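my_file09.tsv, holding TSV, C-alpha atoms:
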```tsv
chain	number	residue	atom	x	y	z
A	1	MET	CA	33.87	28.94	-81.73
A	2	LEU	CA	33.41	30.85	-78.48
A	3	THR	CA	30.94	28.27	-77.19
A	4	LEU	CA	33.49	25.64	-78.15
A	5	ALA	CA	36.30	27.41	-76.28
A	6	TRP	CA	34.15	27.96	-73.21
A	7	THR	CA	32.92	24.36	-73.18
A	8	TYR	CA	36.43	22.91	-73.24
A	9	LEU	CA	37.76	25.44	-70.76
A	10	ARG	CA	35.05	24.45	-68.31
A	11	ILE	CA	35.90	20.79	-68.73
A	12	GLY	CA	39.59	21.61	-68.27
A	13	LEU	CA	38.78	23.24	-64.95
A	14	ILE	CA	37.07	20.25	-63.38
A	15	PHE	CA	39.17	17.52	-64.78
A	16	PHE	CA	40.35	15.73	-61.60
A	17	GLY	CA	41.24	12.13	-61.16
A	18	GLY	CA	43.18	11.35	-64.32
A	19	GLY	CA	42.26	11.22	-67.96
A	20	TYR	CA	39.43	8.73	-67.89
A	21	VAL	CA	37.04	11.10	-66.14
A	22	LEU	CA	37.02	13.03	-69.42
A	23	ILE	CA	35.04	10.28	-71.09
A	24	PRO	CA	31.85	10.84	-69.05
A	25	LEU	CA	32.34	14.63	-69.02
A	26	LEU	CA	32.79	15.02	-72.77
A	27	GLN	CA	30.21	12.40	-73.58
A	28	HIS	CA	27.58	14.17	-71.55
A	29	LEU	CA	28.29	17.61	-72.96
A	30	LEU	CA	29.03	16.83	-76.58
A	31	VAL	CA	26.79	13.86	-77.29
A	32	GLU	CA	23.81	14.41	-75.01
A	33	GLN	CA	23.66	18.13	-74.42
A	34	TYR	CA	24.98	19.84	-77.57
A	35	LYS	CA	24.54	16.82	-79.89
A	36	TRP	CA	27.67	17.84	-81.77
A	37	LEU	CA	28.50	14.20	-82.47
A	38	SER	CA	26.87	10.79	-82.25
A	39	LEU	CA	27.64	8.11	-79.68
A	40	ARG	CA	29.28	6.04	-82.43
A	41	GLU	CA	31.54	8.88	-83.50
A	42	PHE	CA	32.44	9.49	-79.88
A	43	LEU	CA	33.54	5.86	-79.45
A	44	ASP	CA	35.57	6.06	-82.66
A	45	GLY	CA	37.18	9.21	-81.27
A	46	VAL	CA	38.25	7.43	-78.08
A	47	ALA	CA	39.84	4.71	-80.23
A	48	ILE	CA	41.69	7.31	-82.31
A	49	SER	CA	42.97	9.22	-79.26
A	50	GLN	CA	44.41	6.00	-77.90
A	51	LEU	CA	46.64	5.72	-80.96
A	52	THR	CA	48.88	8.58	-79.78
A	53	PRO	CA	51.41	8.97	-76.96
A	54	GLY	CA	49.47	11.92	-75.59
A	55	PRO	CA	47.00	11.69	-72.74
A	56	LEU	CA	43.49	10.41	-73.34
A	57	ALA	CA	42.53	14.08	-73.32
A	58	MET	CA	43.56	14.14	-76.97
A	59	LEU	CA	39.93	13.14	-77.30
A	60	ALA	CA	39.32	16.89	-76.99
A	61	THR	CA	41.33	17.43	-80.18
A	62	PHE	CA	39.29	14.84	-82.04
A	63	THR	CA	35.94	16.19	-80.92
A	64	GLY	CA	37.12	19.75	-81.61
A	65	VAL	CA	38.09	18.86	-85.18
A	66	ARG	CA	34.74	17.14	-85.62
A	67	VAL	CA	32.88	20.25	-84.49
A	68	GLY	CA	34.97	23.06	-85.94
A	69	GLY	CA	37.64	21.71	-88.30
A	70	PHE	CA	41.36	22.20	-87.68
A	71	MET	CA	40.84	25.46	-85.79
A	72	GLY	CA	38.22	23.76	-83.65
A	73	GLY	CA	40.73	21.07	-82.75
A	74	LEU	CA	43.37	23.66	-81.89
A	75	VAL	CA	41.01	25.74	-79.75
A	76	ALA	CA	39.68	22.63	-77.97
A	77	THR	CA	43.20	21.35	-77.23
A	78	ILE	CA	44.46	24.68	-75.91
A	79	CYS	CA	41.38	25.32	-73.78
A	80	ILE	CA	41.21	21.90	-72.21
A	81	PHE	CA	44.87	21.94	-71.19
A	82	LEU	CA	45.10	25.61	-70.23
A	83	PRO	CA	43.79	25.26	-66.65
A	84	CYS	CA	46.08	22.39	-65.70
A	85	VAL	CA	49.16	23.97	-67.29
A	86	VAL	CA	48.48	27.26	-65.47
A	87	LEU	CA	47.94	25.38	-62.22
A	88	MET	CA	51.22	23.48	-62.63
A	89	LEU	CA	53.10	26.72	-63.35
A	90	PHE	CA	51.64	28.11	-60.15
A	91	VAL	CA	52.56	24.95	-58.24
A	92	GLY	CA	56.07	25.08	-59.68
A	93	ARG	CA	56.41	28.62	-58.36
A	94	TYR	CA	55.05	28.10	-54.88
A	95	TYR	CA	55.38	24.45	-54.17
A	96	THR	CA	57.80	24.81	-51.28
A	97	ARG	CA	55.16	26.87	-49.54
A	98	LEU	CA	52.12	24.77	-50.35
A	99	LYS	CA	51.63	23.43	-46.87
A	100	ARG	CA	48.03	22.46	-47.35
A	101	ILE	CA	48.99	19.59	-49.59
A	102	ASP	CA	47.56	17.04	-47.13
A	103	LEU	CA	44.13	18.65	-47.40
A	104	ILE	CA	44.30	18.69	-51.20
A	105	GLY	CA	45.55	15.11	-51.13
A	106	SER	CA	42.72	13.82	-48.97
A	107	THR	CA	40.12	15.72	-50.99
A	108	LEU	CA	41.46	14.04	-54.11
A	109	ASP	CA	41.38	10.62	-52.47
A	110	GLY	CA	37.84	11.34	-51.37
A	111	VAL	CA	36.56	12.31	-54.80
A	112	LEU	CA	38.10	9.30	-56.56
A	113	PRO	CA	35.18	6.94	-55.81
A	114	ALA	CA	32.89	9.41	-57.60
A	115	VAL	CA	35.30	9.38	-60.54
A	116	VAL	CA	35.14	5.58	-60.61
A	117	GLY	CA	31.33	5.73	-60.61
A	118	LEU	CA	31.31	8.28	-63.42
A	119	VAL	CA	33.72	6.32	-65.57
A	120	ALA	CA	31.55	3.24	-64.99
A	121	SER	CA	28.53	5.21	-66.18
A	122	ALA	CA	30.44	6.10	-69.37
A	123	ALA	CA	31.10	2.40	-69.99
A	124	TRP	CA	27.39	1.80	-69.41
A	125	SER	CA	26.13	4.36	-71.92
A	126	LEU	CA	28.85	3.73	-74.51
A	127	GLY	CA	28.20	0.00	-74.17
A	128	SER	CA	24.58	0.56	-75.07
A	129	SER	CA	25.66	1.28	-78.65
A	130	LEU	CA	26.88	-2.30	-78.99
A	131	SER	CA	24.30	-4.91	-79.80
A	132	SER	CA	25.57	-7.94	-81.72
A	133	LEU	CA	26.90	-11.16	-80.25
A	134	ARG	CA	30.16	-10.52	-82.09
A	135	ASP	CA	30.61	-7.21	-80.28
A	136	GLY	CA	29.91	-8.95	-76.99
A	137	LEU	CA	32.55	-11.61	-77.66
A	138	ILE	CA	35.17	-9.03	-78.67
A	139	LEU	CA	34.35	-7.04	-75.55
A	140	VAL	CA	34.85	-10.03	-73.24
A	141	ALA	CA	38.07	-11.10	-74.99
A	142	ALA	CA	39.50	-7.56	-74.91
A	143	PHE	CA	38.52	-7.14	-71.28
A	144	CYS	CA	40.39	-10.33	-70.34
A	145	LEU	CA	43.44	-9.20	-72.33
A	146	PHE	CA	43.46	-5.83	-70.56
A	147	ARG	CA	43.05	-7.47	-67.17
A	148	TYR	CA	45.52	-10.29	-67.42
A	149	THR	CA	48.19	-9.11	-69.85
A	150	ARG	CA	50.14	-5.92	-70.35
A	151	VAL	CA	49.32	-5.38	-74.00
A	152	SER	CA	49.15	-1.65	-74.72
A	153	PRO	CA	45.76	-0.16	-75.59
A	154	MET	CA	47.21	1.15	-78.83
A	155	LEU	CA	48.13	-2.34	-80.07
A	156	MET	CA	44.76	-3.67	-78.96
A	157	ILE	CA	42.91	-1.02	-80.92
A	158	LEU	CA	45.00	-1.55	-84.04
A	159	GLY	CA	44.43	-5.30	-83.70
A	160	ALA	CA	40.70	-4.83	-83.23
A	161	GLY	CA	40.53	-2.62	-86.32
A	162	LEU	CA	42.23	-5.33	-88.34
A	163	LEU	CA	39.92	-7.95	-86.89
A	164	GLY	CA	36.94	-5.79	-87.80
A	165	VAL	CA	38.05	-5.70	-91.43
A	166	LEU	CA	38.80	-9.42	-91.63
A	167	LEU	CA	35.73	-10.76	-89.85
A	168	PRO	CA	32.54	-11.04	-91.90
B	1	MET	CA	62.41	18.74	-45.95
B	2	THR	CA	64.28	22.02	-45.71
B	3	ASP	CA	64.14	24.75	-48.27
B	4	THR	CA	67.66	24.04	-49.41
B	5	ALA	CA	66.77	20.45	-50.21
B	6	LEU	CA	63.81	21.58	-52.25
B	7	GLN	CA	65.63	24.29	-54.14
B	8	PRO	CA	68.74	22.63	-55.49
B	9	LYS	CA	70.98	24.32	-57.99
B	10	VAL	CA	69.16	24.28	-61.31
B	11	PRO	CA	71.47	23.86	-64.28
B	12	ARG	CA	71.10	26.34	-67.10
B	13	VAL	CA	69.26	24.49	-69.82
B	14	SER	CA	68.43	26.16	-73.12
B	15	LEU	CA	64.80	26.42	-74.21
B	16	ARG	CA	65.76	24.60	-77.38
B	17	GLU	CA	67.00	21.61	-75.37
B	18	ILE	CA	63.76	21.58	-73.35
B	19	PHE	CA	61.69	21.68	-76.50
B	20	LEU	CA	63.63	18.86	-78.16
B	21	LEU	CA	63.57	16.63	-75.11
B	22	PHE	CA	59.83	16.91	-74.55
B	23	LEU	CA	59.17	16.55	-78.25
B	24	LYS	CA	61.00	13.25	-78.00
B	25	VAL	CA	58.88	12.22	-74.99
B	26	GLY	CA	55.73	13.19	-76.91
B	27	LEU	CA	56.83	11.21	-79.94
B	28	THR	CA	57.96	8.01	-78.25
B	29	GLY	CA	55.91	7.81	-75.07
B	30	PHE	CA	53.43	5.26	-76.32
B	31	GLY	CA	51.68	3.50	-73.48
B	32	GLY	CA	50.23	6.59	-71.84
B	33	GLY	CA	50.16	7.89	-68.27
B	34	MET	CA	52.73	6.18	-66.10
B	35	ALA	CA	54.78	4.97	-69.07
B	36	ILE	CA	55.36	8.61	-70.01
B	37	VAL	CA	56.21	9.63	-66.47
B	38	ALA	CA	58.76	6.79	-66.27
B	39	LEU	CA	60.28	7.84	-69.59
B	40	THR	CA	60.48	11.50	-68.53
B	41	GLU	CA	62.04	10.53	-65.22
B	42	ARG	CA	64.71	8.46	-66.94
B	43	MET	CA	65.55	11.30	-69.30
B	44	VAL	CA	65.52	14.36	-67.03
B	45	VAL	CA	66.57	12.83	-63.70
B	46	LYS	CA	68.92	9.99	-64.61
B	47	GLU	CA	70.38	10.89	-68.01
B	48	LYS	CA	70.45	14.70	-68.09
B	49	GLN	CA	70.32	15.24	-64.31
B	50	TRP	CA	68.36	18.42	-64.80
B	51	ILE	CA	66.36	18.03	-61.60
B	52	SER	CA	66.56	15.77	-58.54
B	53	ALA	CA	64.48	12.65	-58.09
B	54	GLU	CA	62.83	14.19	-55.02
B	55	GLU	CA	61.77	17.31	-56.88
B	56	PHE	CA	60.46	15.18	-59.73
B	57	LEU	CA	58.32	13.18	-57.30
B	58	HIS	CA	56.87	16.37	-55.84
B	59	GLY	CA	55.91	17.46	-59.32
B	60	LEU	CA	54.27	14.12	-59.96
B	61	ALA	CA	52.29	14.36	-56.70
B	62	PHE	CA	50.98	17.82	-57.55
B	63	GLY	CA	50.35	16.67	-61.09
B	64	GLN	CA	47.50	14.47	-59.85
B	65	ILE	CA	45.39	17.47	-58.86
B	66	LEU	CA	44.04	18.60	-62.19
B	67	GLY	CA	44.25	17.10	-65.64
B	68	PRO	CA	46.55	14.41	-66.99
B	69	PHE	CA	49.57	13.86	-64.76
B	70	SER	CA	51.84	13.01	-67.69
B	71	LEU	CA	51.36	16.51	-69.10
B	72	ASN	CA	51.56	18.12	-65.67
B	73	THR	CA	54.86	16.47	-64.89
B	74	CYS	CA	56.31	17.82	-68.14
B	75	THR	CA	55.02	21.33	-67.36
B	76	PHE	CA	56.48	21.16	-63.86
B	77	VAL	CA	59.94	20.07	-65.03
B	78	GLY	CA	59.97	22.75	-67.74
B	79	TYR	CA	58.98	25.40	-65.20
B	80	ARG	CA	61.66	24.40	-62.70
B	81	LEU	CA	64.27	24.68	-65.44
B	82	ARG	CA	63.33	27.89	-67.22
B	83	GLY	CA	60.28	29.46	-65.61
B	84	VAL	CA	56.98	30.07	-67.39
B	85	ALA	CA	58.51	29.90	-70.88
B	86	GLY	CA	60.10	26.55	-70.04
B	87	GLY	CA	56.87	25.16	-68.63
B	88	VAL	CA	54.71	26.25	-71.55
B	89	LEU	CA	57.30	25.05	-74.03
B	90	ALA	CA	57.65	21.63	-72.37
B	91	ALA	CA	53.86	21.18	-72.33
B	92	SER	CA	53.47	22.23	-75.97
B	93	ALA	CA	56.36	20.09	-77.16
B	94	PHE	CA	54.93	17.08	-75.35
B	95	LEU	CA	51.46	17.56	-76.86
B	96	LEU	CA	52.54	18.57	-80.36
B	97	PRO	CA	53.12	15.10	-81.87
B	98	SER	CA	49.83	13.76	-80.47
B	99	PHE	CA	48.00	16.87	-81.60
B	100	ILE	CA	49.26	16.44	-85.15
B	101	ILE	CA	48.47	12.71	-85.20
B	102	VAL	CA	44.95	13.17	-83.82
B	103	SER	CA	44.15	16.11	-86.12
B	104	LEU	CA	45.32	14.11	-89.10
B	105	LEU	CA	43.44	10.99	-88.08
B	106	ALA	CA	40.32	13.01	-87.28
B	107	TRP	CA	40.47	14.64	-90.70
B	108	LEU	CA	40.91	11.26	-92.41
B	109	TYR	CA	38.12	9.85	-90.28
B	110	LEU	CA	35.67	12.59	-91.21
B	111	ARG	CA	36.57	12.31	-94.85
B	112	PHE	CA	36.50	8.55	-95.19
B	113	GLN	CA	34.06	7.68	-92.40
B	114	HIS	CA	31.64	6.22	-94.89
B	115	LEU	CA	34.03	3.81	-96.58
B	116	PRO	CA	32.82	0.28	-95.77
B	117	MET	CA	36.30	-0.92	-94.85
B	118	LEU	CA	36.90	1.85	-92.34
B	119	GLN	CA	33.43	1.34	-90.97
B	120	LYS	CA	34.25	-2.30	-90.34
B	121	ALA	CA	37.61	-1.51	-88.75
B	122	LEU	CA	36.06	1.06	-86.43
B	123	ALA	CA	33.19	-1.24	-85.57
B	124	GLY	CA	35.84	-3.73	-84.47
B	125	THR	CA	37.45	-1.18	-82.17
B	126	ASN	CA	34.23	-0.07	-80.45
B	127	PRO	CA	33.87	-3.07	-78.11
B	128	VAL	CA	37.59	-2.84	-77.31
B	129	VAL	CA	37.17	0.78	-76.20
B	130	VAL	CA	34.29	-0.19	-73.92
B	131	ALA	CA	36.37	-3.10	-72.57
B	132	LEU	CA	39.27	-0.72	-71.91
B	133	ILE	CA	37.03	1.62	-69.95
B	134	LEU	CA	35.62	-1.30	-67.98
B	135	ALA	CA	39.12	-2.57	-67.18
B	136	VAL	CA	40.04	0.92	-65.95
B	137	VAL	CA	36.91	1.05	-63.79
B	138	LEU	CA	37.78	-2.26	-62.18
B	139	ASP	CA	41.39	-1.30	-61.65
B	140	MET	CA	40.58	2.12	-60.21
B	141	GLY	CA	37.76	0.66	-58.13
B	142	LYS	CA	40.09	-1.85	-56.53
B	143	LYS	CA	42.68	0.79	-55.69
B	144	GLN	CA	40.62	3.85	-54.93
B	145	VAL	CA	37.28	2.75	-53.54
B	146	LYS	CA	37.57	1.78	-49.90
B	147	GLY	CA	35.01	1.27	-47.18
B	148	THR	CA	31.25	1.66	-47.22
B	149	SER	CA	31.27	5.40	-47.81
B	150	GLY	CA	33.56	5.00	-50.81
B	151	TRP	CA	31.32	2.38	-52.40
B	152	LEU	CA	28.25	4.44	-51.64
B	153	LEU	CA	29.78	7.49	-53.33
B	154	ALA	CA	30.82	5.43	-56.37
B	155	LEU	CA	27.35	3.89	-56.65
B	156	LEU	CA	25.61	7.23	-56.23
B	157	ALA	CA	27.81	8.84	-58.89
B	158	PHE	CA	27.13	5.94	-61.25
B	159	ALA	CA	23.37	6.06	-60.66
B	160	ALA	CA	23.23	9.84	-61.00
B	161	ALA	CA	25.08	9.83	-64.33
B	162	ALA	CA	23.90	6.56	-65.92
B	163	LEU	CA	20.32	6.26	-64.73
B	164	PHE	CA	19.23	9.81	-63.93
B	165	LYS	CA	21.32	11.39	-66.70
B	166	LEU	CA	22.63	14.07	-64.40
B	167	ASN	CA	25.44	16.25	-65.72
B	168	ALA	CA	28.76	14.44	-65.09
B	169	ALA	CA	30.49	17.73	-64.27
B	170	LEU	CA	27.88	18.51	-61.63
B	171	VAL	CA	28.27	15.06	-60.08
B	172	LEU	CA	32.03	15.53	-59.97
B	173	ALA	CA	31.76	19.00	-58.42
B	174	ILE	CA	29.41	17.72	-55.71
B	175	GLY	CA	31.73	14.77	-55.07
B	176	ALA	CA	34.72	17.12	-54.71
B	177	LEU	CA	32.86	19.39	-52.31
B	178	TRP	CA	31.77	16.43	-50.23
B	179	ALA	CA	35.32	15.02	-50.16
B	180	PHE	CA	36.73	18.41	-49.17
B	181	GLY	CA	34.23	18.68	-46.32
B	182	ALA	CA	35.07	15.16	-45.15
B	183	ALA	CA	38.81	15.92	-45.28
B	184	LEU	CA	38.33	19.13	-43.29
B	185	TYR	CA	36.19	17.29	-40.74
B	186	ARG	CA	38.74	14.50	-40.30
B	187	ARG	CA	41.48	17.06	-39.84
B	188	ARG	CA	39.54	18.78	-37.05
B	189	LEU	CA	39.17	15.45	-35.29
B	190	GLY	CA	42.76	14.41	-35.85
```
Whole structure, structure tokens version:
Amino acid sequence: MLTLAWTYLRIGLIFFGGGYVLIPLLQHLLVEQYKWLSLREFLDGVAISQLTPGPLAMLATFTGVRVGGFMGGLVATICIFLPCVVLMLFVGRYYTRLKRIDLIGSTLDGVLPAVVGLVASAAWSLGSSLSSLRDGLILVAAFCLFRYTRVSPMLMILGAGLLGVLLP
Amino acid sequence: MTDTALQPKVPRVSLREIFLLFLKVGLTGFGGGMAIVALTERMVVKEKQWISAEEFLHGLAFGQILGPFSLNTCTFVGYRLRGVAGGVLAASAFLLPSFIIVSLLAWLYLRFQHLPMLQKALAGTNPVVVALILAVVLDMGKKQVKGTSGWLLALLAFAAAALFKLNAALVLAIGALWAFGAALYRRRLG
């Protein structure tokens, strides 16, 4: 449980650039390094976290439950969000005096391309678990829907689940 | 921006009200990220008038630094209203519904993972998840990756993580350090 707490706390500390950067971070640690869950389970977890209003980081809850039951989920959730909540409390306290915001802002802008590259690498390795033509077709169709319409990811995932049951 | 503009009179809001409001955001904010920020803004700035639009925007800007900005904006608003207790309470109330839903779904998943029907449903969602991530990559790439150095950094990060299996956290830390150095350098010049 301590390893679990420490792992999620570390991820919480370097979690810049919005929720999607969590996908490569967690995938690397949990699937490749610790082998706490399989690539397939990880993908299922992303789908499940998208079914809630919370941030994508609810993926931490899912993986925590998978590794350590309910307590694991609780510890993972608290640890992953602790750093950013503490930081925001600090910002709330001192924000009138935070004059170096331009430096922080340009650092963030500068690191974003690396985030894009990392998220792309997650798509690459998660995509390697798909093999059939059917998966390929669903992927292309879903990609077009995400690009050209404003359907919410939650509806898409529910729809895809239904499709998965109905299709042979 | 004077100090008086940034520190407007904060109305006295009870912790219970904060908890209930953010619980509502956490329960109904389907659509993620910006949808939640827009919902929070409507509730705390327009309807309740707890904080000013300007202050809310500052919170949102700082919220991009670390972690999900939807959560950070909630923490910030809670803090401005009632200090640390308000901030922690707002964050917990916002996460609570999702935490319960995910725990429940994860438990069901682990229990019934092997049922053929669930297997089929989940197999249907897998390509959609990959498509979602790809769509995000394209969207972020269009907005955030500019110029040769940006593309080079994105490509390097991709190659390091996907092909050389380098630790994603390490890649991110190096990227941040590099960006900080570049920002410092540009500031010296400017």
Could you pull the residues within 6 Å of A:Ala60, counting all atoms listed in the file, minus those fewer than 4 positions along the same chain, as a compact mmCIF listing (two decimals) with C-alpha atoms, in the coordinates of the input?
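Contents of the output file out-v3.txt:
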```
# COMPACT_ATOMS: atom_id res chain seq x y z
CA GLY A 64 37.12 19.75 -81.61
CA ALA A 76 39.68 22.63 -77.97
CA THR A 77 43.20 21.35 -77.23
```
Need the shell around stretch 140-148 of chain A: protein/DNA/RNA residues with any atom at most 10 Å away, counting all atoms listed in the file. Skip same-chain ones fewer than 3 positions apart. Format as number ranges by chain? A: 135-137, 151-153, 156-157, 160; B: 125, 127-136, 138-139
Could you tell me how far atom CA of B:Cys74 sits from atom CA of A:Phe42, in Å to one decimal place?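 Separating atom CA of A:Phe42 from atom CA of B:Cys74 is a distance of 27.9 Å.
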Among the residues B:Ala169, B:Arg80, B:Pro68, B:Phe180, the one that comes closest to A:Leu26 [using all atoms listed in the file]: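 Using all atoms listed in the file, the shortest distance to A:Leu26 belongs to B:Ala169.
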Nearest to A:Glu32 among B:Ala160, B:Val45, B:Leu105, B:Leu166, with distances taken over all atoms listed in the file: which residue is it? B:Leu166
Find the residue from A:Leu39, A:Ile48, A:Leu89, A:Gly117 that sits nearest to B:Leu89; use all atoms listed in the file when measuring.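 Ranked by minimum distance to B:Leu89, first place goes to A:Leu89.
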Counting all atoms listed in the file, find the residues whose atoms lie at most 12 Å from (33.0, 18.2, -69.6) (file coordinates) and write them out as a PyMOL selection string. (chain A and resi 4-16+19-34+57+59-60+63+76+79-80+118) or (chain B and resi 67+167-173)
With all atoms of stretch 67-74 of chain B from the file as input, state the centre and edge lengths in Å to one decimal of the axis-aligned box that has 4 Å extra on each side, as JSON.
```
{"center_x": 50.3, "center_y": 15.6, "center_z": -66.9, "size_x": 20.1, "size_y": 13.1, "size_z": 12.3}
```
Residue nearest chain B among A:Leu155, A:Gly72, A:Pro83, A:Thr107 (counting all atoms listed in the file):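 Selected residue with least distance to chain B: A:Thr107.
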List as a ChimeraX atom specification the protein and nucleic acid residues near B:Ala123, meaning an atom at most 9 Å away when only C-alpha atoms are counted, but skip any in the same chain fewer than 2 places from it. /A:40,44,135,160-161,164-165 /B:118-121,125-127
Please compute the atom CA of B:Val25-atom CA of B:Ser52 distance, one decimal, in Å.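 Result for atom CA of B:Val25 versus atom CA of B:Ser52: 18.5 Å, one decimal.
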Mind giving me the straight-line distance from atom CA of B:Ile101 to atom CA of A:Gly159 in Å, one decimal?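 Rounded to one decimal, the two atoms are 18.5 Å apart.
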Considering only C-alpha atoms, can you say which of A:Leu139, A:Val65, A:Leu2, A:Val85 comes closest to A:Ala123? A:Leu139
